[in-house]
Amino acid sequence: MSAHPLLPSLSVVIPVHNEQDWIDRSVGALIASAEAARWPVEVLVVDDGSTDGTPGKLARLREEHGITVLTQPNGGRFEARRAGMAKASGDWLLLLDSRVIVDAGSLAFLREQLVEHPQRAVWNGHIHVASEHNPYAGFMAGLVAVGWRRYFADPKLTSFGIEEFDRYPKGTTFFCARRDLLEGAAAAFESLFDDVRLASDDTRMLRWIAERARIFLAPQFSAIYHGRDSFRKFYAQSFFRGTTYVDSYLNSPGPARNALFCSLAVGVIGAGLAVKMPKTTVALGATGSVAAAAVVKKCGATNAEARAVSTLLPVFAAGFGSGVFRGLYLALRAWLRRR
């Protein structure tokens with residue numbers, strides 16, 4: 001693959017916080033994919049206040065690959081990304097999370113698309129969840145199979161805009177866009193919460209972008225996400241996702257907000273039943289878990305992922321529901337303060 005005179009410059013921004021076991025693998029896979037594409041890319045890793053061995057890993061990666069390492073006190077993923085974007089020099093920006101392993105051919109595919117179809121200004125990565133031998137990741141993969149079955153039932157090159165926003169997979173885990181679009185989204189970003197570390201930085205930014213440009217998806221632009229691998233981390237992630245879900249959808253009409261209100265109603269009813277009829281509540285919960293497993297299996301999940309959904313659904317529901325109530329409290333508190 002020879003150099004192309006219209007090949008745009010690309011900067012990759014990776015926020016990291018306490019990921020000593022993953023950051024070298026993530027950066028290594030990215031560099032390998034860029035080399036396979038014969039595409040010199042600028043890599044900026046923002047250490048968001050790590051307290052483990054991450055800084056040492058980054059120092060070695062800087063020596064080995066010449067990456068740029070930025071360090072800041074812990075301010076959350078949004079602030080880390082914004083710091084990296086401010087230092088980046090590329091015409092295009094690629095956001096990558098530290099637990100994501102880019103597939104070898106992904107940047108070659110992206111390179112071809114940006115050269116041949118420069119009007120396709122936004123690309124969302126096709127994410128495979130590494131669920132084998134990890135039921136916690138398997139649970140999340142099962143949810144994805146249901147929520148975004150329209151795409152995953154037949155993955156192929158496609159695109160969506162703001163009208164179909166809730167029906168397609170999206171996230172800034174592995175996401176590339178023209179610089180002006182990402183900078184505009186970051187500048188327009190405003191959370192319902194006072195603490196940006198708890199904000200839904202990806203959904204709010206992506207909605208702003210989708211109002212201005214179509215977001216493209218393709219199975220050739222892909223990566224593998226490695227999820228949390230312990231009960232404690234799974235529950236913490238469920239709690240955090242419940243909080244960010246409120247920030248994502250509370251003031252955005254559509255099916256996702258309807259689901260938020262439905263989950264609140266179910267949570268309130270479930271809590272009342274648990275107090276008055278605990279045995280009935282347990283039976284209903286077990287029945288719901290089995291039914292959920294059947295649904296995710298029908299939507300394309302593996303047997304292991306369906307079992308994970310059946311087993312972990314009550315745990316996720318408790319964590320996510322608690323996170324939703326925290327999100328509502330934070331949103332109300334911020335709204336009252338801003339009045």
# chains A, B, ... in the order shown; residues from 1 in each chain; ligands from 1
call {"tool": "closest_atom_pairs", "arguments": {"of": "segment 10-58 of chain A", "to": "segment 73-83 of chain A", "cutoff": "12 Å", "atoms": "only C-alpha atoms", "output": "CSV"}}
result
residue,atom,partner,partner_atom,distance
A:Ser11,CA,A:Arg81,CA,11.9
A:Val12,CA,A:Arg81,CA,10.0
A:Val13,CA,A:Arg81,CA,6.5
A:Ile14,CA,A:Arg81,CA,7.1
A:Pro15,CA,A:Ala80,CA,5.6
A:Val16,CA,A:Arg77,CA,7.9
A:His17,CA,A:Asn74,CA,8.0
A:Asn18,CA,A:Asn74,CA,10.6
A:Leu44,CA,A:Arg81,CA,9.5
A:Val45,CA,A:Ala80,CA,8.9
A:Val46,CA,A:Ala80,CA,5.8
A:Asp47,CA,A:Ala80,CA,7.5
A:Asp48,CA,A:Asn74,CA,4.8
A:Gly49,CA,A:Asn74,CA,4.3
A:Ser50,CA,A:Asn74,CA,7.5
A:Thr51,CA,A:Asn74,CA,9.9
call {"tool": "select_by_dssp", "arguments": {"residues": "segment 33-202 of chain A", "states": "strand (DSSP E)", "output": "number ranges by chain"}}
result
A: 41-48, 68-72, 92-96, 100-102, 122-124, 126-129, 158-160, 174-178
call {"tool": "residues_around", "arguments": {"residues": "segment 141-155 of chain A", "least_positions_apart": "5", "cutoff": "9 Å", "atoms": "only C-alpha atoms", "output": "JSON, numbers by chain"}}
result
{"A": [126, 128, 129, 130, 131, 136, 166, 167, 168, 169, 217, 218, 219, 293, 295, 296, 297, 298, 299, 300, 301, 302, 305, 306, 308, 309]}
call {"tool": "closest_residue", "arguments": {"among": "A:Arg241, A:Glu132, A:Gly171, A:Ile224", "to": "Arg207 of chain A", "atoms": "only C-alpha atoms"}}
result
A:Gly171
call {"tool": "residues_around", "arguments": {"residues": "Gln119 of chain A", "least_positions_apart": "6", "cutoff": "12 Å", "atoms": "only C-alpha atoms", "output": "PyMOL selection string"}}
result
chain A and resi 113+177-178+213-216
call {"tool": "closest_residue", "arguments": {"among": "A:Trp92, A:Phe240, A:Phe221, A:Trp335", "to": "Asp194 of chain A", "atoms": "only C-alpha atoms"}}
result
A:Trp335
call {"tool": "closest_atom_pairs", "arguments": {"of": "segment 175-274 of chain A", "to": "segment 21-28 of chain A", "cutoff": "12 Å", "atoms": "only C-alpha atoms", "output": "Markdown table"}}
result
| residue | atom | partner | partner_atom | distance |
| --- | --- | --- | --- | --- |
| A:Ala223 | CA | A:Ser26 | CA | 10.1 |
| A:Ile224 | CA | A:Ser26 | CA | 9.8 |
| A:Tyr225 | CA | A:Ser26 | CA | 9.9 |
| A:His226 | CA | A:Trp22 | CA | 9.0 |
| A:Gly227 | CA | A:Trp22 | CA | 11.0 |
| A:Arg228 | CA | A:Trp22 | CA | 11.6 |
